[in-house]
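What's in entry.txt: compact mmCIF, C-alpha atoms and all ligand atoms
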```txt
# COMPACT_ATOMS: atom_id res chain seq x y z
CA MET A 3 -124.43 -77.13 -81.87
CA LYS A 4 -124.08 -78.89 -78.52
CA THR A 5 -126.54 -81.53 -77.34
CA VAL A 6 -126.97 -82.19 -73.62
CA ILE A 7 -128.59 -85.32 -72.19
CA THR A 8 -129.74 -86.01 -68.65
CA PHE A 9 -131.71 -88.77 -66.92
CA GLY A 10 -134.06 -88.93 -63.98
CA THR A 11 -137.36 -90.05 -62.53
CA PHE A 12 -138.75 -86.56 -61.88
CA ASP A 13 -141.47 -87.96 -59.61
CA VAL A 14 -143.58 -85.41 -57.67
CA PHE A 15 -141.91 -82.74 -59.81
CA HIS A 16 -140.36 -79.94 -57.72
CA VAL A 17 -138.09 -76.90 -57.95
CA GLY A 18 -134.91 -79.01 -57.53
CA HIS A 19 -135.84 -80.74 -60.80
CA VAL A 20 -136.53 -77.39 -62.51
CA LYS A 21 -133.17 -75.98 -61.45
CA LEU A 22 -131.31 -79.12 -62.57
CA LEU A 23 -132.95 -79.04 -66.02
CA LYS A 24 -132.41 -75.29 -66.42
CA ARG A 25 -128.69 -75.55 -65.57
CA ALA A 26 -128.31 -78.60 -67.84
CA ALA A 27 -129.93 -76.71 -70.74
CA ALA A 28 -127.52 -73.79 -70.22
CA LEU A 29 -124.58 -76.12 -70.98
CA GLY A 30 -125.62 -76.55 -74.61
CA ASP A 31 -128.14 -75.76 -77.35
CA THR A 32 -130.47 -78.76 -77.08
CA LEU A 33 -131.59 -80.60 -73.95
CA ILE A 34 -132.77 -84.21 -74.20
CA VAL A 35 -134.16 -85.92 -71.09
CA GLY A 36 -134.47 -89.64 -70.41
CA VAL A 37 -137.36 -90.13 -67.98
CA SER A 38 -137.14 -93.46 -66.18
CA THR A 39 -140.04 -95.81 -66.83
CA ASP A 40 -142.40 -97.07 -64.13
CA GLU A 41 -140.96 -100.58 -64.55
CA LEU A 42 -137.37 -99.36 -64.16
CA ASN A 43 -138.38 -97.63 -60.91
CA TYR A 44 -140.15 -100.69 -59.63
CA ASN A 45 -137.12 -102.86 -60.34
CA LYS A 46 -134.76 -100.32 -58.77
CA LYS A 47 -136.73 -99.14 -55.72
CA GLY A 48 -139.38 -101.81 -55.20
CA ARG A 49 -142.22 -99.33 -55.67
CA TYR A 50 -143.88 -97.45 -58.50
CA PRO A 51 -143.49 -93.65 -58.69
CA VAL A 52 -146.41 -91.54 -57.39
CA TYR A 53 -146.85 -89.93 -60.82
CA SER A 54 -147.23 -92.24 -63.82
CA GLU A 55 -144.59 -92.40 -66.51
CA ALA A 56 -146.92 -90.63 -68.98
CA ASP A 57 -147.53 -87.76 -66.52
CA ARG A 58 -143.84 -87.44 -65.62
CA MET A 59 -142.94 -87.34 -69.33
CA GLN A 60 -145.60 -84.71 -69.98
CA ILE A 61 -144.41 -82.48 -67.11
CA VAL A 62 -140.73 -82.66 -68.10
CA ASN A 63 -141.59 -82.15 -71.77
CA SER A 64 -143.53 -78.98 -70.98
CA MET A 65 -140.47 -77.17 -69.54
CA ARG A 66 -139.46 -74.53 -72.05
CA PHE A 67 -135.77 -75.43 -71.77
CA VAL A 68 -136.41 -79.15 -72.52
CA ASN A 69 -136.40 -79.96 -76.23
CA PHE A 70 -137.21 -83.63 -76.17
CA CYS A 71 -138.05 -86.46 -73.75
CA PHE A 72 -137.81 -90.22 -74.10
CA PRO A 73 -138.51 -93.15 -71.74
CA GLU A 74 -135.37 -94.49 -70.03
CA ALA A 75 -136.14 -98.20 -69.91
CA SER A 76 -132.82 -99.49 -68.58
CA LEU A 77 -129.96 -98.04 -66.51
CA GLU A 78 -127.56 -100.22 -68.50
CA LYS A 79 -128.43 -98.56 -71.81
CA LYS A 80 -126.98 -95.11 -71.04
CA SER A 81 -124.17 -95.35 -73.58
CA GLU A 82 -126.66 -96.46 -76.26
CA TYR A 83 -128.92 -93.49 -75.49
CA ILE A 84 -125.94 -91.08 -75.51
CA THR A 85 -124.81 -92.38 -78.89
CA TYR A 86 -128.29 -92.65 -80.39
CA TYR A 87 -129.19 -89.04 -79.51
CA GLY A 88 -125.70 -87.75 -80.40
CA ALA A 89 -125.21 -86.17 -76.97
CA ASP A 90 -122.04 -84.14 -76.42
CA VAL A 91 -122.59 -83.69 -72.67
CA LEU A 92 -124.09 -85.99 -70.02
CA VAL A 93 -125.38 -84.07 -67.00
CA MET A 94 -126.32 -85.66 -63.67
CA GLY A 95 -126.93 -84.32 -60.16
CA ASP A 96 -123.98 -84.77 -57.81
CA ASP A 97 -125.80 -87.54 -55.93
CA TRP A 98 -124.45 -89.54 -58.91
CA GLU A 99 -120.89 -88.08 -58.60
CA GLY A 100 -118.34 -90.47 -60.12
CA LYS A 101 -120.96 -93.05 -61.14
CA PHE A 102 -120.91 -92.17 -64.83
CA ASP A 103 -117.21 -91.37 -65.33
CA MET A 104 -116.88 -94.32 -67.75
CA PHE A 105 -118.88 -92.30 -70.31
CA ARG A 106 -116.06 -89.71 -70.53
CA GLU A 107 -114.81 -91.87 -73.42
CA ILE A 108 -117.85 -90.92 -75.51
CA CYS A 109 -118.94 -87.49 -74.17
CA GLU A 110 -118.29 -84.81 -71.59
CA VAL A 111 -119.69 -85.74 -68.14
CA VAL A 112 -120.85 -82.98 -65.76
CA TYR A 113 -122.21 -83.43 -62.22
CA LEU A 114 -124.23 -80.46 -60.99
CA PRO A 115 -124.81 -79.71 -57.29
CA ARG A 116 -128.27 -80.75 -56.08
CA THR A 117 -130.64 -78.12 -54.78
CA PRO A 118 -130.51 -78.40 -50.97
CA SER A 119 -133.48 -79.16 -48.69
CA ILE A 120 -135.91 -80.58 -51.24
CA SER A 121 -136.51 -84.09 -52.50
CA THR A 122 -139.34 -86.31 -53.70
CA THR A 123 -138.82 -88.54 -50.65
CA LYS A 124 -139.19 -85.59 -48.23
CA LEU A 125 -142.29 -84.34 -50.06
CA ILE A 126 -143.93 -87.78 -49.90
CA GLU A 127 -143.20 -87.89 -46.14
CA VAL A 128 -144.69 -84.43 -45.55
CA ILE A 129 -147.79 -85.20 -47.60
CA SER A 130 -148.40 -88.58 -46.01
CA ASN A 131 -148.04 -87.12 -42.49
CA THR A 132 -150.64 -84.36 -42.99
N1 LIG A 201 -132.08 -83.14 -58.25
C1 LIG A 201 -131.50 -81.95 -57.84
N2 LIG A 201 -131.86 -81.40 -56.63
C2 LIG A 201 -132.77 -82.01 -55.84
C3 LIG A 201 -133.38 -83.21 -56.26
C4 LIG A 201 -133.00 -83.76 -57.48
O1 LIG A 201 -130.65 -81.36 -58.54
N3 LIG A 201 -133.07 -81.46 -54.66
C5 LIG A 201 -131.66 -83.73 -59.54
C6 LIG A 201 -131.03 -85.12 -59.37
O2 LIG A 201 -129.67 -85.00 -58.97
C7 LIG A 201 -131.19 -85.70 -60.75
C8 LIG A 201 -132.50 -85.04 -61.26
O3 LIG A 201 -132.75 -83.93 -60.38
O4 LIG A 201 -130.12 -85.31 -61.60
C9 LIG A 201 -133.67 -86.02 -61.20
O5 LIG A 201 -133.77 -86.50 -59.88
P1 LIG A 201 -134.48 -87.89 -59.60
O6 LIG A 201 -135.83 -87.88 -60.15
O7 LIG A 201 -134.31 -88.20 -58.14
O8 LIG A 201 -133.61 -88.87 -60.51
P2 LIG A 201 -133.07 -90.28 -60.15
O9 LIG A 201 -134.18 -91.16 -59.67
O10 LIG A 201 -131.85 -90.13 -59.30
O11 LIG A 201 -132.60 -90.80 -61.61
O12 LIG A 201 -130.45 -92.86 -64.81
C10 LIG A 201 -130.77 -92.22 -63.62
C11 LIG A 201 -132.14 -92.60 -63.18
O13 LIG A 201 -133.08 -92.23 -64.15
C12 LIG A 201 -132.49 -92.14 -61.80
```

This structure in structure tokens:
Amino acid sequence: MKTVITFGTFDVFHVGHVKLLKRAAALGDTLIVGVSTDELNYNKKGRYPVYSEADRMQIVNSMRFVNFCFPEASLEKKSEYITYYGADVLVMGDDWEGKFDMFREICEVVYLPRTPSISTTKLIEVISNT
């Protein structure tokens, strides 16, 4: 049995997120997702996500190819999360290419190509301009 783990904010959930999660799930038997907390986002980006942490967790958790979700409270705790959940594979979008190579000591690390032409930032721009 192979366990896959991935991390993200998944704010204003869109098809790029769906495709990332679906491809991550296909790399193993179980998919675990760390959803970044509101506080982590605030500290990282200086603003809170549009969707609350509870809503983002609920959306990600309702995908049929996601087995389990947990709040990602700190970017520095990735290796602890990987070990705690017994993940064999860490999957990230290729916007993170190379950034998590240090975890190759404890698991396989796979960067998947992002879905072109869609992002939370673009969606927020479109919505706020209409
Ligand atoms: N993604 C994608 N295609 C897009 C947009 C996003 O494949 N068009 C992927 C990203 O590469 C990422 C996942 O969807 O793997 C979640 O994207 P974000 O919510 O933007 O995640 P991010 O804020 O980058 O994660 O530890 C990482 C943090 O939790 C931050």

* Asked: Mind listing the residues within 6 Å of ligand LIG 201 (chain A), only C-alpha atoms and all ligand atoms counted, as a ChimeraX atom specification?
  -> /A:9-13,18-19,22,38,77,94-97,116-118,120-121

* Counting all atoms listed in the file, which of A:Asp90, A:Glu74, A:Asp57, A:Glu82 gets nearest to Leu42 (chain A)? ->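 Among the listed residues, the smallest separation from Leu42 (chain A) belongs to A:Glu74.
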
Put the listed atoms of region 62-79 of chain A in a box along x, y and z with 8 Å added on every side and give me the centre and edge lengths in Å to one decimal, as AutoDock Vina command-line options.
```
--center_x -135.5 --center_y -87.4 --center_z -71.4 --size_x 32.0 --size_y 41.7 --size_z 25.7
```

* Asked: Which value, in Å to one decimal, gives the distance between CA of Arg66 (chain A) and CA of Tyr83 (chain A)?
  ->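 Computed distance, CA of Arg66 (chain A) to CA of Tyr83 (chain A), equals 22.0 Å.
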
* To do: Give me the residues within 10 Å of Asp103 (chain A) as an MDAnalysis selection string, counting all atoms listed in the file and dropping any in the same chain fewer than 6 places off.
  => chainID A and resid 92 109:113

* Straight-line distance linking CA of Asn69 (chain A) with CA of Leu23 (chain A), stated in Å to one decimal -> 10.8 Å

* **Option closest in space to Thr32 (chain A), from A:Val91, A:Val62, A:Val6, A:Val128 [counting all atoms listed in the file]** => A:Val6

* Find the residue from A:Ala89, A:Met3, A:Val14, A:Ala27 that sits nearest to Phe67 (chain A); use only C-alpha atoms when measuring. =>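 Among the listed residues, the smallest separation from Phe67 (chain A) belongs to A:Ala27.
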
* **Test item: residues at most 9 Å from Arg49 (chain A), all atoms listed in the file, excluding those fewer than 5 positions along its chain, as a list in words** =>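 In the requested form, the answer reads Asp40, Asn43 and Tyr44 of chain A.
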
* Smallest atom-to-atom distance to Lys24 (chain A): which of A:Asn45, A:Thr8, A:Asn131, A:Thr85, using only C-alpha atoms? ->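 With only C-alpha atoms as the atom set, the closest residue is A:Thr8.
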
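Between CA of Phe105 (chain A) and CA of Asn63 (chain A) lies a distance of 24.9 Å.
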
* Asked: Looking at A:Glu41, A:Ser130, A:Arg106, A:Leu29, which one is nearest to Ala75 (chain A), with distances taken over all atoms listed in the file?
  ->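 Result for the nearest residue to Ala75 (chain A): A:Glu41.
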
* Asked: Between A:Trp98, A:Tyr53, A:Tyr87, A:Phe72, which has the minimum distance to Val37 (chain A) (counting only C-alpha atoms)?
  ->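 Looking only at the distances to Val37 (chain A), the closest residue turns out to be A:Phe72.
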